[in-house]
Number of protein chains: 2
Amino acid sequence: MIFLSLNDFIEATNGPKCRVFENPDPKELIEVLKKLKTSHVITIFALCDAFYKGRAQSTLDKGERLIIIKPDGTLLIHDSRSREPKNWQPPGSIITFSYNNGSLLIKSKRYNPREEIRITCYTLYVVITARLGRGGLSLEGSEKEMAEIINKNPSLIEEGLRIVKREAKTPYGYVDLLGEDAKGRLVVIELKRGIAQINAVYQLVRYVEYFRSTARREVRGIIAAPKISKNAMLILKRYGLEYKRVKIR
Amino acid sequence: MIFLSLNDFIEATNGPKCRVFENPDPKELIEVLKKLKTSHVITIFALCDAFYKGRAQSTLDKGERLIIIKPDGTLLIHDSRSREPKNWQPPGSIITFSYNNGSLLIKSKRYNPREEIRITCYTLYVVITARLGRGGLSLEGSEKEMAEIINKNPSLIEEGLRIVKREAKTPYGYVDLLGEDAKGRLVVIELKRGIAQINAVYQLVRYVEYFRSTARREVRGIIAAPKISKNAMLILKRYGLEYKRVKIR
DNA sequence: CGTGCCAGGTGCCTT
DNA sequence: AAGGCACTTGGCACG
């Protein structure tokens with residue numbers, strides 16, 4: 001049987017990391033998938049269609065796609081375009097395989113919210129199972145990091161500023177940084193690591209409104225970001241708030 | 001040469017759709033990848049590390065991963081967990097392959113913003129090239145659809161309501177629906193297809209503030225959603241605004 | 001192209 | 001679990 005001998009060959013050359021199945025028989029494949037789904041990433045090139053129902057609802061017409069199933073329950077259906085999968089299911093979903101009328105059926109369920117995907121694979125071109133690593137990513141340049149840097153060096157915002165609190169809670173949300181300026185005024189600071197848009201402005205507006213209504217002293221509001229959109233700047237000024245260009249690194 | 005005969009075998013059985021390369025020699029593979037990158041989805045199982053620099057910056061330690069390169073320029077690096085790739089590059093990025101000291105180097109560049117990923121593949125386990133379809137997805141249950149339904153049947157919000165405008169522009173953003181109630185009052189409606197959070201309230205408050213300052217008549221504000229968060233409801237009421245439970249379908 | 005905003009957003013963290 | 005929010009958010013529609 002060519003099917004088996006090929007696998008043997010592949011296992012011998014690749015070790016246990018990757019197994020490749022060419023045009024596999026769905027019935028036989030299911031047994032393998034059931035065994036490996038909790039430990040291996042399963043990658044399927046197939047002619048398939050898919051139905052999703054949950055928070056929304058969708059139909060994916062029959063076509064050639066790449067299906068990825070991860071041991072954490074993630075399901076991805078990719079086509080030839082876009083960073084985003086056409087359909088997906090997040091980690092924690094429960095996947096089951098079954099056979100129907102020559103096709104491989106893949107079902108993925110999750111609860112809270114209740115959502116389901118059903119994929120019918122009419123033709124299986126290639127299936128690869130692989131044990132992949134995880135993690136190992138370290139990221140720099142987040143807003144959190146920006147807050148830490150400014151916290152340590154408030155003069156990046158202005159001379160004489162002192163940071164009083166980070167992630168200060170208000171009924172209207174969390175303030176990134178709360179400070180006090182050289183003249184003893186309260187300073188509400190909203191950070192953006194990228195371009196500050198108008199929603200950053202209205203966050204700030206609400207916070208400033210809140211502190212003005214509770215703190216019995218002058219309150220300033222500052223957006224600190226490397227850039228600000230034209231419209232955001234306009235609204236900011238209309239509310240008498242300030243923008244401070246802050247470029248980390 | 002086993003490498004070639006295997007390919008021949010695979011092409012014969014799979015047709016031109018999928019080509020599988022087992023433990024390929026990077027140098028030879030590069031020629032294939034260069035030819036196929038504009039038409040085929042390239043899937044690489046490899047031991048690799050990666051560096052990203054752009055809006056942020058990251059390092060991905062050496063590990064076994066799944067790399068996907070799409071003809072639209074998309075680059076994805078997946079591991080055994082999560083719906084999200086560990087690293088990526090969006091459509092429109094420019095990919096180049098090169099060889100260095102036994103390794104396959106993959107570089108992806110984009111401009112606006114300027115970002116770059118460099119992947120070093122130390123070991124290539126399996127590489128698959130496939131011509132995949134695209135599109136074919138139809139989605140139901142979007143906010144846009146919700147707006148259409150309410151537009152046709154405003155009594156879903158309240159009796160006597162008349163929709164005046166959709167996507168009404170204000171200096172503070174776009175209002176989902178603008179209506180007029182039975183008593184001739186202006187009604188600003190903010191739609192949410194899921195749970196309305198405080199962010200939705202912010203939006204509505206701004207719009208209502210704007211119309212109150214310009215329209216010389218009474219202005220109401222309504223959030224229409226299947227659900228609203230506790231806090232959002234609290235703030236909403238504090239501003240004298242309303243919530244209307246609307247469940248489509 | 002920038003600006004605004006929805007998304008089946010996802011992921012992370014806190015209550 | 002629900003809430004609040006950043007994200008290399010991505011994606012789209014519009015001026």
# chains A, B, ... in the order shown; residues from 1 in each chain; ligands from 1

$ closest_atom_pairs --of "chain A" --to "chain C" --cutoff "8 Å" --atoms "only C-alpha atoms (C1' of nucleotides)" --output "tab-separated table"
residue	atom	partner	partner_atom	distance
A:Gly54	CA	C:DG8	C1'	6.8
A:Arg55	CA	C:DG8	C1'	5.1
A:Ala56	CA	C:DG8	C1'	5.3
A:Gln57	CA	C:DG8	C1'	7.6
A:Ser229	CA	C:DT3	C1'	7.4
A:Asn231	CA	C:DT3	C1'	7.8

$ write_last_selection --atoms "all heavy atoms" --output "PDB file, in the first residue's frame"
ATOM      1  N   GLY A  54     -23.047  31.333  15.691  1.00  0.00           N
ATOM      2  CA  GLY A  54     -22.739  31.724  17.064  1.00  0.00           C
ATOM      3  C   GLY A  54     -23.106  33.177  17.248  1.00  0.00           C
ATOM      4  O   GLY A  54     -24.243  33.557  17.018  1.00  0.00           O
ATOM      5  N   ARG A  55     -22.132  34.014  17.616  1.00  0.00           N
ATOM      6  CA  ARG A  55     -22.413  35.436  17.782  1.00  0.00           C
ATOM      7  C   ARG A  55     -22.954  36.006  16.482  1.00  0.00           C
ATOM      8  O   ARG A  55     -23.801  36.882  16.475  1.00  0.00           O
ATOM      9  CB  ARG A  55     -21.132  36.169  18.200  1.00  0.00           C
ATOM     10  CG  ARG A  55     -20.735  35.909  19.623  1.00  0.00           C
ATOM     11  CD  ARG A  55     -19.337  36.388  19.895  1.00  0.00           C
ATOM     12  NE  ARG A  55     -18.330  35.597  19.195  1.00  0.00           N
ATOM     13  CZ  ARG A  55     -17.018  35.783  19.295  1.00  0.00           C
ATOM     14  NH1 ARG A  55     -16.577  36.763  20.050  1.00  0.00           N
ATOM     15  NH2 ARG A  55     -16.181  35.019  18.648  1.00  0.00           N
ATOM     16  N   ALA A  56     -22.421  35.510  15.375  1.00  0.00           N
ATOM     17  CA  ALA A  56     -22.994  35.832  14.065  1.00  0.00           C
ATOM     18  C   ALA A  56     -23.221  34.509  13.359  1.00  0.00           C
ATOM     19  O   ALA A  56     -23.309  33.460  14.011  1.00  0.00           O
ATOM     20  CB  ALA A  56     -22.066  36.741  13.275  1.00  0.00           C
ATOM     21  N   GLN A  57     -23.244  34.520  12.069  1.00  0.00           N
ATOM     22  CA  GLN A  57     -23.541  33.327  11.293  1.00  0.00           C
ATOM     23  C   GLN A  57     -22.906  33.500   9.924  1.00  0.00           C
ATOM     24  O   GLN A  57     -22.938  34.590   9.368  1.00  0.00           O
ATOM     25  CB  GLN A  57     -25.070  33.209  11.175  1.00  0.00           C
ATOM     26  CG  GLN A  57     -25.553  31.906  10.648  1.00  0.00           C
ATOM     27  CD  GLN A  57     -27.070  31.777  10.802  1.00  0.00           C
ATOM     28  OE1 GLN A  57     -27.682  32.466  11.614  1.00  0.00           O
ATOM     29  NE2 GLN A  57     -27.662  30.910  10.007  1.00  0.00           N
ATOM     30  N   SER A 229      -4.114  62.501  15.683  1.00  0.00           N
ATOM     31  CA  SER A 229      -4.842  62.791  14.442  1.00  0.00           C
ATOM     32  C   SER A 229      -5.372  64.212  14.472  1.00  0.00           C
ATOM     33  O   SER A 229      -5.602  64.789  15.537  1.00  0.00           O
ATOM     34  CB  SER A 229      -5.977  61.797  14.246  1.00  0.00           C
ATOM     35  OG  SER A 229      -7.114  62.182  14.976  1.00  0.00           O
ATOM     36  N   ASN A 231      -8.241  65.542  13.700  1.00  0.00           N
ATOM     37  CA  ASN A 231      -9.532  65.687  14.347  1.00  0.00           C
ATOM     38  C   ASN A 231      -9.436  65.562  15.864  1.00  0.00           C
ATOM     39  O   ASN A 231     -10.080  66.306  16.598  1.00  0.00           O
ATOM     40  CB  ASN A 231     -10.495  64.633  13.815  1.00  0.00           C
ATOM     41  CG  ASN A 231     -11.790  65.250  13.359  1.00  0.00           C
ATOM     42  OD1 ASN A 231     -12.198  66.281  13.878  1.00  0.00           O
ATOM     43  ND2 ASN A 231     -12.417  64.625  12.394  1.00  0.00           N
TER      44      ASN A 231
END

$ interface_residues --of "chain D" --to "chain B" --cutoff "9 Å" --atoms "only C-alpha atoms (C1' of nucleotides)" --output "list in words"
DA2, DG3, DG4, DT8 and DG10 of chain D

$ write_last_selection --atoms "C-alpha atoms (C1' of nucleotides)" --output "PDB file, in the first residue's frame"
ATOM      1  C1'  DA D   2     -17.847  39.639  33.629  1.00  0.00           C
ATOM      2  C1'  DG D   3     -15.683  44.018  32.879  1.00  0.00           C
ATOM      3  C1'  DG D   4     -12.406  47.065  31.104  1.00  0.00           C
ATOM      4  C1'  DT D   8       2.508  45.367  15.460  1.00  0.00           C
ATOM      5  C1'  DG D  10      -7.094  43.989  11.007  1.00  0.00           C
TER       6       DG D  10
END

$ interface_residues --of "chain B" --to "chain A" --cutoff "6 Å" --atoms "only C-alpha atoms" --output "VMD selection string"
chain B and resid 56 to 61 63 to 65 70 72 74 79 to 83 90 to 91 132 to 134 136 to 141

$ write_last_selection --atoms "C-alpha atoms" --output "compact mmCIF listing (two decimals), in the first residue's frame"
# COMPACT_ATOMS: atom_id res chain seq x y z
CA ALA B 56 6.84 47.61 18.17
CA GLN B 57 9.72 45.18 18.31
CA SER B 58 9.99 41.51 19.18
CA THR B 59 12.20 38.48 19.36
CA LEU B 60 10.95 34.98 18.79
CA ASP B 61 13.25 32.33 20.18
CA GLY B 63 11.53 26.74 18.03
CA GLU B 64 9.38 24.58 15.81
CA ARG B 65 6.77 26.61 14.00
CA LYS B 70 0.26 34.02 1.03
CA ASP B 72 -1.05 38.71 -1.24
CA THR B 74 0.60 37.99 4.19
CA ASP B 79 2.97 27.81 17.05
CA SER B 80 0.98 25.18 18.91
CA ARG B 81 -1.30 27.67 20.63
CA SER B 82 -3.63 30.56 20.12
CA ARG B 83 -5.72 31.90 17.31
CA PRO B 90 -0.21 41.96 6.80
CA PRO B 91 -1.18 41.77 3.11
CA LEU B 132 -5.85 28.00 -2.73
CA GLY B 133 -9.15 29.70 -3.42
CA ARG B 134 -10.32 32.96 -2.00
CA GLY B 136 -16.78 32.78 -0.78
CA LEU B 137 -17.74 33.93 2.69
CA SER B 138 -21.12 35.43 3.43
CA LEU B 139 -21.72 36.69 6.92
CA GLU B 140 -24.94 37.55 8.66
CA GLY B 141 -25.51 39.38 11.89

$ residues_around --residues "segment 154-168 of chain B" --least-positions-apart "6" --cutoff "9 Å" --atoms "only C-alpha atoms (C1' of nucleotides)" --output "PyMOL selection string"
chain B and resi 147+174-183+187+222+224+244-246

$ write_last_selection --atoms "C-alpha atoms" --output "JSON list (two decimals), in the first residue's frame"
[["chain", "number", "residue", "atom", "x", "y", "z"],
["B", 147, "ALA", "CA", -29.04, 49.13, 11.17],
["B", 174, "TYR", "CA", -20.49, 59.13, 13.13],
["B", 175, "VAL", "CA", -23.93, 58.53, 14.57],
["B", 176, "ASP", "CA", -25.33, 55.11, 13.68],
["B", 177, "LEU", "CA", -28.94, 56.21, 13.42],
["B", 178, "LEU", "CA", -30.58, 59.58, 13.77],
["B", 179, "GLY", "CA", -34.34, 59.67, 14.29],
["B", 180, "GLU", "CA", -37.28, 61.70, 15.41],
["B", 181, "ASP", "CA", -39.76, 60.46, 18.01],
["B", 182, "ALA", "CA", -43.50, 60.87, 18.16],
["B", 183, "LYS", "CA", -43.10, 64.16, 20.01],
["B", 187, "VAL", "CA", -33.23, 60.74, 18.82],
["B", 222, "ILE", "CA", -30.56, 55.62, 23.03],
["B", 224, "ALA", "CA", -29.85, 49.77, 21.16],
["B", 244, "LYS", "CA", -33.38, 49.72, 24.50],
["B", 245, "ARG", "CA", -32.95, 45.98, 24.31],
["B", 246, "VAL", "CA", -32.96, 45.00, 20.67]]

$ select_by_dssp --residues "segment 24-116 of chain A" --states "helix (DSSP H, G or I)" --output "short mmCIF file (atom, residue, chain, number, x, y, z; two decimals) with all heavy atoms, in the first residue's frame"
data_model
loop_
_atom_site.label_atom_id
_atom_site.label_comp_id
_atom_site.auth_asym_id
_atom_site.auth_seq_id
_atom_site.Cartn_x
_atom_site.Cartn_y
_atom_site.Cartn_z
N PRO A 26 -10.24 9.35 4.15
CA PRO A 26 -10.80 10.02 5.33
C PRO A 26 -11.00 9.08 6.51
O PRO A 26 -10.67 9.41 7.65
CB PRO A 26 -12.14 10.58 4.84
CG PRO A 26 -12.04 10.63 3.37
CD PRO A 26 -11.06 9.59 2.95
N LYS A 27 -11.54 7.91 6.22
CA LYS A 27 -11.84 6.96 7.29
C LYS A 27 -10.59 6.58 8.07
O LYS A 27 -10.59 6.52 9.30
CB LYS A 27 -12.46 5.70 6.70
CG LYS A 27 -13.96 5.63 6.86
CD LYS A 27 -14.48 4.28 6.39
CE LYS A 27 -15.98 4.35 6.15
NZ LYS A 27 -16.45 3.24 5.33
N GLU A 28 -9.52 6.30 7.34
CA GLU A 28 -8.27 5.91 8.00
C GLU A 28 -7.67 7.11 8.73
O GLU A 28 -7.12 6.99 9.81
CB GLU A 28 -7.26 5.37 6.98
CG GLU A 28 -7.70 4.06 6.33
CD GLU A 28 -6.68 3.57 5.32
OE1 GLU A 28 -5.47 3.74 5.56
OE2 GLU A 28 -7.11 3.03 4.28
N LEU A 29 -7.78 8.27 8.09
CA LEU A 29 -7.18 9.48 8.66
C LEU A 29 -7.79 9.84 10.01
O LEU A 29 -7.10 10.26 10.93
CB LEU A 29 -7.34 10.65 7.69
CG LEU A 29 -6.60 11.93 8.11
CD1 LEU A 29 -5.10 11.76 7.96
CD2 LEU A 29 -7.10 13.13 7.31
N ILE A 30 -9.09 9.67 10.10
CA ILE A 30 -9.80 10.05 11.33
C ILE A 30 -9.17 9.42 12.56
O ILE A 30 -9.01 10.09 13.60
CB ILE A 30 -11.30 9.66 11.22
CG1 ILE A 30 -12.01 10.64 10.29
CG2 ILE A 30 -11.97 9.67 12.59
CD1 ILE A 30 -13.44 10.26 9.97
N GLU A 31 -8.79 8.17 12.45
CA GLU A 31 -8.18 7.48 13.60
C GLU A 31 -6.90 8.19 14.03
O GLU A 31 -6.65 8.36 15.23
CB GLU A 31 -7.89 6.02 13.25
CG GLU A 31 -9.14 5.21 12.88
CD GLU A 31 -10.27 5.43 13.89
OE1 GLU A 31 -10.01 5.32 15.11
OE2 GLU A 31 -11.41 5.76 13.45
N VAL A 32 -6.12 8.60 13.05
CA VAL A 32 -4.88 9.31 13.35
C VAL A 32 -5.19 10.66 13.99
O VAL A 32 -4.61 11.02 15.02
CB VAL A 32 -4.06 9.53 12.05
CG1 VAL A 32 -2.78 10.30 12.37
CG2 VAL A 32 -3.74 8.21 11.39
N LEU A 33 -6.11 11.40 13.42
CA LEU A 33 -6.44 12.74 13.92
C LEU A 33 -6.95 12.69 15.35
O LEU A 33 -6.59 13.53 16.18
CB LEU A 33 -7.48 13.40 13.00
CG LEU A 33 -7.07 13.61 11.54
CD1 LEU A 33 -8.16 14.35 10.78
CD2 LEU A 33 -5.75 14.34 11.43
N LYS A 34 -7.79 11.72 15.62
CA LYS A 34 -8.34 11.58 16.98
C LYS A 34 -7.23 11.40 18.00
O LYS A 34 -7.29 11.92 19.11
CB LYS A 34 -9.30 10.39 17.04
CG LYS A 34 -10.68 10.71 16.48
CD LYS A 34 -11.62 9.53 16.59
CE LYS A 34 -13.01 9.90 16.08
NZ LYS A 34 -13.89 8.71 15.94
N LYS A 35 -6.20 10.64 17.60
CA LYS A 35 -5.10 10.36 18.52
C LYS A 35 -4.22 11.60 18.71
O LYS A 35 -3.72 11.85 19.80
CB LYS A 35 -4.24 9.22 17.95
CG LYS A 35 -4.57 7.86 18.55
CD LYS A 35 -3.69 6.79 17.95
CE LYS A 35 -4.53 5.62 17.49
NZ LYS A 35 -3.90 4.81 16.47
N LEU A 36 -4.04 12.36 17.64
CA LEU A 36 -3.04 13.43 17.68
C LEU A 36 -3.59 14.80 18.04
O LEU A 36 -2.83 15.72 18.30
CB LEU A 36 -2.32 13.51 16.32
CG LEU A 36 -1.54 12.27 15.90
CD1 LEU A 36 -0.83 12.53 14.57
CD2 LEU A 36 -0.53 11.85 16.95
#

$ atom_distance --atom1 "atom CA of Ile44 of chain A" --atom2 "atom C1' of DC7 of chain D"
29.0 Å

$ select_by_dssp --residues "segment 61-181 of chain A" --states "strand (DSSP E or B)" --output "PyMOL selection string"
chain A and resi 61-69+75-78+87-89+94-100+103-110+115-130+137-140+162-170+173-180

$ decode --residues "segment 34-48 of chain B" --atoms "N, CA and C atoms" --output "PDB file, in the first residue's frame"
ATOM      1  N   LYS B  34      10.602  31.337  -4.951  1.00  0.00           N
ATOM      2  CA  LYS B  34      10.624  32.597  -5.706  1.00  0.00           C
ATOM      3  C   LYS B  34       9.619  32.568  -6.842  1.00  0.00           C
ATOM      4  N   LYS B  35       9.500  31.403  -7.463  1.00  0.00           N
ATOM      5  CA  LYS B  35       8.573  31.274  -8.592  1.00  0.00           C
ATOM      6  C   LYS B  35       7.119  31.269  -8.137  1.00  0.00           C
ATOM      7  N   LEU B  36       6.877  30.646  -6.993  1.00  0.00           N
ATOM      8  CA  LEU B  36       5.487  30.396  -6.593  1.00  0.00           C
ATOM      9  C   LEU B  36       4.902  31.451  -5.653  1.00  0.00           C
ATOM     10  N   LYS B  37       5.732  32.321  -5.111  1.00  0.00           N
ATOM     11  CA  LYS B  37       5.260  33.202  -4.035  1.00  0.00           C
ATOM     12  C   LYS B  37       4.147  34.156  -4.449  1.00  0.00           C
ATOM     13  N   THR B  38       4.033  34.435  -5.734  1.00  0.00           N
ATOM     14  CA  THR B  38       2.965  35.350  -6.152  1.00  0.00           C
ATOM     15  C   THR B  38       1.662  34.627  -6.499  1.00  0.00           C
ATOM     16  N   SER B  39       1.714  33.311  -6.545  1.00  0.00           N
ATOM     17  CA  SER B  39       0.516  32.572  -6.942  1.00  0.00           C
ATOM     18  C   SER B  39       0.080  31.510  -5.936  1.00  0.00           C
ATOM     19  N   HIS B  40       1.021  31.043  -5.111  1.00  0.00           N
ATOM     20  CA  HIS B  40       0.707  29.922  -4.227  1.00  0.00           C
ATOM     21  C   HIS B  40       0.851  30.288  -2.759  1.00  0.00           C
ATOM     22  N   VAL B  41       0.096  29.588  -1.948  1.00  0.00           N
ATOM     23  CA  VAL B  41       0.301  29.680  -0.512  1.00  0.00           C
ATOM     24  C   VAL B  41       1.444  28.735  -0.154  1.00  0.00           C
ATOM     25  N   ILE B  42       2.427  29.283   0.542  1.00  0.00           N
ATOM     26  CA  ILE B  42       3.595  28.495   0.928  1.00  0.00           C
ATOM     27  C   ILE B  42       3.518  28.206   2.415  1.00  0.00           C
ATOM     28  N   THR B  43       3.605  26.956   2.770  1.00  0.00           N
ATOM     29  CA  THR B  43       3.475  26.538   4.161  1.00  0.00           C
ATOM     30  C   THR B  43       4.747  25.826   4.577  1.00  0.00           C
ATOM     31  N   ILE B  44       5.388  26.324   5.598  1.00  0.00           N
ATOM     32  CA  ILE B  44       6.683  25.793   5.993  1.00  0.00           C
ATOM     33  C   ILE B  44       6.670  25.334   7.443  1.00  0.00           C
ATOM     34  N   PHE B  45       7.002  24.089   7.665  1.00  0.00           N
ATOM     35  CA  PHE B  45       7.231  23.590   9.020  1.00  0.00           C
ATOM     36  C   PHE B  45       8.726  23.638   9.246  1.00  0.00           C
ATOM     37  N   ALA B  46       9.145  24.405  10.219  1.00  0.00           N
ATOM     38  CA  ALA B  46      10.583  24.608  10.373  1.00  0.00           C
ATOM     39  C   ALA B  46      10.986  24.891  11.806  1.00  0.00           C
ATOM     40  N   LEU B  47      12.236  24.619  12.070  1.00  0.00           N
ATOM     41  CA  LEU B  47      12.874  25.102  13.296  1.00  0.00           C
ATOM     42  C   LEU B  47      13.408  26.487  12.959  1.00  0.00           C
ATOM     43  N   CYS B  48      12.888  27.505  13.636  1.00  0.00           N
ATOM     44  CA  CYS B  48      13.243  28.861  13.221  1.00  0.00           C
ATOM     45  C   CYS B  48      13.267  29.838  14.388  1.00  0.00           C
TER      46      CYS B  48
END
